[in-house]
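This report concerns only the one structure given below.
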Amino acid sequence: MKTTSGLKPLFLLVCLLTTTHFSWGQRVGVVLSGGGATGFAHIGVLKALEEKGIPIDYITGTSAGALVGSMYACGYSPAEIEAYVLSDRFQLMASGKLERSQEFYFQKDDEDASLIELSFSKDSILKKSLPTNFIRPTLLDFEMMFVLGTTGASNSENFDNLFVPFRCVAADIVNKRSVVFSKGKLNQAVRASMTYPFFINPIRVDGNLLFDGGLYNNFPSDVMYHDFNPDYIIGSNVSGNAKPPSEDDLISQITNMLVSHSNFDLPCENGVIITPETTVSTFEFEDVQDAINDGYNSTIRYLDSILVHIEHRVSPEELARKRALFKANVRPLQISSINTYGMSANDVSFVRKSILKNSKNQIIEPELLYKRYFRTAAIPQVAYLYPTLILKGDSTYHMDLQVRKTKEFKLEVGGHFSSRSVNAGYIGLNYYHLKRMAIRVKAESYFGKFYASVKTQVDLQLPMYYPISITPYFVQNRFDYYRSSSTFFEDIKPSFLIENEVYVGAKIKHPLTNNSRSTFDIRKFEIREEYYQTNNFLSTDTADVTTFRGETISWQLEINSLNRKQFASEGHYFGFKSRLVQGLERSVSGSTSVTDYEITKNHQWVNLEAEFQSFFVNTPHFHFGIHAKSVMNSQSLFSNYKASILSASAFTPFPDASTFFFEEYRAPQHAGLGANIIFTVKRNWDLRVDAYFYQPFKQIRQNPDGTVYYASFLKGETYLASASAIYHSPFGPVRLTVNYFPEQKTPLYFQMSYGFVLFNERAIR
């Protein structure tokens, strides 16, 4: 074909421009090493380079470097990346937690005293039972899909089509080799590259189980050189090879067995390696701002020598314009179809229906996807979800969701171990089943001198738009109170009160919002109480016995976003419970009773309870909250004073209060208000004070002749308080506590303890 003379000069110019990069300046590649939290120094490096207009034409990274590099390659500016890693959401990702708004309270089990959990399968108790990850990356995997997956899918899954061409590396431990990603699912590639062994569980890509790229190549400068061949390379390295192992250092031995020595040099002379000097260590994600600042300051010292070798500059305005154009082509996240895999079709149908309902042509927007995705991830029968995206022709996305079921069995061990005589061990065994219905069977037991209990239950849940669970259960409780309740160095005197209760029933639960649920409960119960009418009794004395048999139905509303099941320091709680009780009392006197009696009496009453707790001051080192609880009860008096006190509700606003039997904090109608003051002196270390005022509206009193009456309105007010030093370990709280009950002869009770002070629900209180 002939070219006209007028077009010939233009044609030659285009050819010249497309074949000669030097007309626009050198091609610059940036290599980012791994390093965990230390690797966020790379953000400061990129920030300093951009401020001087240094162009970045290619980028490669490993682990943390892959995350930072991929975000930059997706068009995020260093300032946007910095804001993201400093956000509360990122800190939750790094710790394996969820935002409280994403936690699905409906799926939370009744609180128990478990401290350690071990999941296992029926075909292997040990081999497949040891955990492969320290954190659960539910939020991390979803965020990587949202932040990186849409960009990768919108650019044909080709990493050369990104805002900056990109490569990252992972480790194939079977074939002992590095895997370089140049195409595919971007979020999947980066997730594989940053899968630090034993910290985050590994994933499979194309059938291969992949781990952190730093195992074999922690500074992919060779990938930069061979894949892109830039004119100048800028490396940012915050890592190094492991020191030789020593005879008495197991960690150093394991590290050298797993990790190959990386080459931290450049493969060519045209380049520079920046080595940010920082004190931030691998897992100190709360200090990423320091790492960013250290990376920035270190790069500033190198800029003069870098600028000598790079002629071309890119203005902030030009970069912003190009980023805006690139991002405009990324399709927003809208899910129109979903495929679940990893298990049989029957096994995953529950999961698929929980996210995408059966209606045709349904589009799930991000807000609704967030809600359904994390609700599904909270299902106890689901151990793991991993999402990837495919862009469809109509500009919506298809989601592929890998699902892994929870192992069939989970063993829970825990309890409360104290210097006082209220120790109780705990053991629980769960069985999980998932097909068209999610089923869990649980049997648990507390065992100790003070408290013993057995509970069995079966949870049945259907995949409905508004999920509902039906839970039949059986519970038997025993509380054994002593005259002596100080420390284990004292002799324990005989019991002065033994409470036994057995009940069977069923609950129907359904969610209202993510943080709230409604529970209907119906049960049949029998309560037997053995007690003395005086504190001065002998071992030869016989106890009074009250038996109460009947039925109860209740409805409870709970809204809960507290950060811990006990000793919370953030979040909010509101609970309201209404209960109707009817039953038959039978009381028989013992040898300490003023009069001999045998009484049978019917009772029927309504009980209303409301509780509110809110931490409305939350700073890194100080938390302040208020806690209030009120009970209104229409029940009639029982046959004697002790039986009436036992049937009344107790005010126990902090855990240890529930291990004492103090009559001054029991009344059928009462209210209490207190303050929770927490000083967080160091991460997971709290100094805590809980102080309360207690006001009975209708207090039960006893005449000298043994008859029972109600005291005047608003009589009997008192106080109670607790002060603790607490370490919140990964396996439960360790604390030193002093409790204050001013009406007692010995108002101060000291104790050291480990674990949770939790009991199975009482029959009617």
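All residue names refer to the structure tokens as shown: chains lettered A, B, ... in order, residues numbered from 1 in each chain, ligands numbered from 1 in order.
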
Please identify all polymer residues within 9 Å of region 562-571 of chain A, counting only C-alpha atoms, omitting same-chain residues fewer than 5 positions from it, and present them as a count of residues only.
23

Residue list (helix (DSSP H, G or I), DSSP) for region 285-475 of chain A, as a count of residues only:
57

Pick out the residues sitting within 10 Å of region 704-714 of chain A, and hand them over as a PyMOL selection string; count only C-alpha atoms, and ignore anything fewer than 6 positions along from it in its own chain.
chain A and resi 533+593-595+637-642+644+667+669-670+695-698

Would you list, as a PyMOL selection string, the residues of region 289-350 of chain A that end up in strand (DSSP E or B) under DSSP run on this structure's backbone?
chain A and resi 335-341

Take the residues that were just selected and, keeping C-alpha atoms, output them as a compact mmCIF listing (two decimals), in the first residue's frame.
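That gives us again.txt:
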```
# COMPACT_ATOMS: atom_id res chain seq x y z
CA ILE A 335 -22.49 -9.72 41.67
CA SER A 336 -25.04 -11.33 39.37
CA SER A 337 -24.06 -15.00 39.68
CA ILE A 338 -22.15 -17.22 42.04
CA ASN A 339 -20.57 -20.64 41.95
CA THR A 340 -19.48 -22.49 45.08
CA TYR A 341 -16.91 -25.24 44.94
```

Would you kindly return, as a PyMOL selection string, each protein, DNA or RNA residue with an atom no farther than 12 Å from any atom of Gly755 (chain A), considering only C-alpha atoms and excluding same-chain residues fewer than 5 positions away?
chain A and resi 112-116+413-418+422-426+565-567+655-656+726-736

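Comparing the minimum interatomic distances between Asn430 (chain A) and each of A:Leu118, A:Leu385, A:Leu333, A:Met632, counting only C-alpha atoms, we find that A:Leu118 sits nearest.
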
Among listed residues A:Asn218, A:Ser121, A:Thr299, A:Gln188, nearest Thr150 (chain A) (using only C-alpha atoms)
A:Gln188

Got a sec: who's within 9 Å of region 368-381 of chain A, counting only C-alpha atoms, leaving out chain neighbours fewer than 5 positions off, as an mmCIF file with C-alpha atoms, in the first residue's frame?
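Heads up, here's the output in part-v8.cif:
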```cif
data_model
loop_
_atom_site.group_PDB
_atom_site.id
_atom_site.type_symbol
_atom_site.label_atom_id
_atom_site.label_comp_id
_atom_site.auth_asym_id
_atom_site.auth_seq_id
_atom_site.Cartn_x
_atom_site.Cartn_y
_atom_site.Cartn_z
ATOM 1 C CA LEU A 98 -13.958 -8.342 61.811
ATOM 2 C CA SER A 101 -20.887 -4.321 62.260
ATOM 3 C CA GLN A 102 -19.852 -7.404 60.234
ATOM 4 C CA GLU A 103 -20.008 -9.855 63.134
ATOM 5 C CA PHE A 104 -23.209 -11.868 62.984
ATOM 6 C CA TYR A 105 -24.457 -12.131 66.551
ATOM 7 C CA PHE A 106 -27.169 -14.582 65.521
ATOM 8 C CA GLN A 107 -24.508 -17.261 64.972
ATOM 9 C CA LYS A 108 -22.790 -16.670 68.314
ATOM 10 C CA THR A 138 -12.047 -13.717 56.439
ATOM 11 C CA LEU A 139 -11.871 -9.915 56.239
ATOM 12 C CA PHE A 142 -12.782 -10.228 51.103
ATOM 13 C CA GLN A 334 -21.943 -5.973 41.294
ATOM 14 C CA ILE A 335 -22.492 -9.716 41.668
ATOM 15 C CA VAL A 351 -23.751 -21.515 51.381
ATOM 16 C CA SER A 354 -27.201 -17.842 51.880
ATOM 17 C CA ILE A 355 -25.522 -15.313 49.537
ATOM 18 C CA LEU A 356 -27.439 -15.433 46.263
ATOM 19 C CA LYS A 405 -16.372 -27.112 55.724
ATOM 20 C CA THR A 406 -15.522 -27.091 59.395
ATOM 21 C CA LYS A 407 -14.030 -30.346 60.634
ATOM 22 C CA GLU A 408 -16.744 -32.591 62.008
ATOM 23 C CA TYR A 432 -20.941 -30.172 62.802
ATOM 24 C CA HIS A 433 -22.931 -31.216 59.744
ATOM 25 C CA LEU A 434 -23.600 -29.161 56.607
ATOM 26 C CA ALA A 438 -26.714 -26.662 59.001
ATOM 27 C CA ILE A 439 -26.725 -28.870 62.095
ATOM 28 C CA ARG A 440 -24.653 -28.710 65.254
ATOM 29 C CA ASN A 514 -26.078 -8.137 62.356
#
```

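Nearest residue to Ile306 (chain A) among A:Gly61, A:Pro55, A:Pro202, A:Gly590 is A:Pro55, counting only C-alpha atoms.
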
Between A:Lys97, A:Asp690, A:Leu32, A:Ala41, which residue has the minimum interatomic distance to Phe166 (chain A), considering only C-alpha atoms?
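Nearest candidate to Phe166 (chain A) out of A:Lys97, A:Asp690, A:Leu32, A:Ala41: A:Leu32.
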
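Atom pair CA of Tyr446 (chain A) / CA of Trp685 (chain A) has a distance of 28.0 Å (rounded to one decimal).
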
What does the distance between CA of Glu743 (chain A) and CA of Ile498 (chain A) come to in Å, to one decimal place?
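According to the coordinates, CA of Glu743 (chain A) and CA of Ile498 (chain A) are separated by 22.7 Å.
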
Write out as a PyMOL selection string each polymer residue whose atoms come within 6 Å of Ser630 (chain A), counting only C-alpha atoms; drop sequence neighbours fewer than 2 positions from it.
chain A and resi 609-610+670-671

Residues near Asp141 (chain A), anyone? I mean within 9 Å using only C-alpha atoms, not counting same-chain ones fewer than 5 positions away, as a list in words.
Met93, Phe146, Asn187, Gln188, Arg191, Leu385, Tyr386 and Pro387 of chain A

Quick one: write out the picked residues with N, CA and C atoms as a PDB file, in the first residue's frame?
```pdb
ATOM      1  N   MET A  93      -7.961  -6.536  59.782  1.00  0.00           N
ATOM      2  CA  MET A  93      -7.482  -7.549  58.835  1.00  0.00           C
ATOM      3  C   MET A  93      -6.211  -8.201  59.341  1.00  0.00           C
ATOM      4  N   PHE A 146     -12.108  -7.029  46.958  1.00  0.00           N
ATOM      5  CA  PHE A 146     -12.731  -5.736  46.714  1.00  0.00           C
ATOM      6  C   PHE A 146     -11.718  -4.707  46.219  1.00  0.00           C
ATOM      7  N   ASN A 187      -6.063 -10.640  43.077  1.00  0.00           N
ATOM      8  CA  ASN A 187      -6.157 -10.794  44.530  1.00  0.00           C
ATOM      9  C   ASN A 187      -5.643 -12.147  44.981  1.00  0.00           C
ATOM     10  N   GLN A 188      -5.838 -13.175  44.149  1.00  0.00           N
ATOM     11  CA  GLN A 188      -5.362 -14.511  44.479  1.00  0.00           C
ATOM     12  C   GLN A 188      -3.834 -14.573  44.448  1.00  0.00           C
ATOM     13  N   ARG A 191      -2.533 -12.638  47.478  1.00  0.00           N
ATOM     14  CA  ARG A 191      -2.816 -13.408  48.698  1.00  0.00           C
ATOM     15  C   ARG A 191      -1.855 -14.576  48.849  1.00  0.00           C
ATOM     16  N   LEU A 385     -13.932 -19.371  53.560  1.00  0.00           N
ATOM     17  CA  LEU A 385     -14.419 -18.931  52.264  1.00  0.00           C
ATOM     18  C   LEU A 385     -13.294 -18.201  51.553  1.00  0.00           C
ATOM     19  N   TYR A 386     -13.181 -18.418  50.231  1.00  0.00           N
ATOM     20  CA  TYR A 386     -12.217 -17.637  49.462  1.00  0.00           C
ATOM     21  C   TYR A 386     -12.849 -17.199  48.143  1.00  0.00           C
ATOM     22  N   PRO A 387     -12.949 -15.864  47.898  1.00  0.00           N
ATOM     23  CA  PRO A 387     -13.659 -15.362  46.722  1.00  0.00           C
ATOM     24  C   PRO A 387     -12.725 -14.885  45.609  1.00  0.00           C
TER      25      PRO A 387
END
```

Which residues of region 615-685 of chain A come within 12 Å of region 451-464 of chain A, and for each one, what is the closest pair of atoms and their distance in Å to one decimal, counting only C-alpha atoms, sorted by chain and residue number, as CSV?
```
residue,atom,partner,partner_atom,distance
A:Ser658,CA,A:Tyr451,CA,11.2
A:Thr659,CA,A:Tyr451,CA,9.2
A:Phe660,CA,A:Tyr451,CA,11.8
```

Just the selected residues (N, CA and C atoms), exported as a PDB file, in the first residue's frame, please.
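Ended up saving to part.pdb:
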```pdb
ATOM      1  N   SER A 658     -21.147 -13.149  91.000  1.00  0.00           N
ATOM      2  CA  SER A 658     -22.032 -14.308  90.831  1.00  0.00           C
ATOM      3  C   SER A 658     -21.545 -15.540  91.580  1.00  0.00           C
ATOM      4  N   THR A 659     -20.343 -15.484  92.177  1.00  0.00           N
ATOM      5  CA  THR A 659     -19.820 -16.627  92.928  1.00  0.00           C
ATOM      6  C   THR A 659     -20.082 -16.495  94.430  1.00  0.00           C
ATOM      7  N   PHE A 660     -20.735 -15.407  94.848  1.00  0.00           N
ATOM      8  CA  PHE A 660     -21.100 -15.204  96.246  1.00  0.00           C
ATOM      9  C   PHE A 660     -22.618 -15.280  96.397  1.00  0.00           C
TER      10      PHE A 660
END
```

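Among the candidates A:Asp400, A:Glu311, A:Glu286, A:Glu664, the residue lying nearest to Ile54 (chain A) is A:Glu311 (atoms considered: only C-alpha atoms).
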
So, counting only C-alpha atoms, which residue among A:Ala628, A:Ile233, A:Leu673, A:Val504 is closest to Arg762 (chain A)?
A:Val504
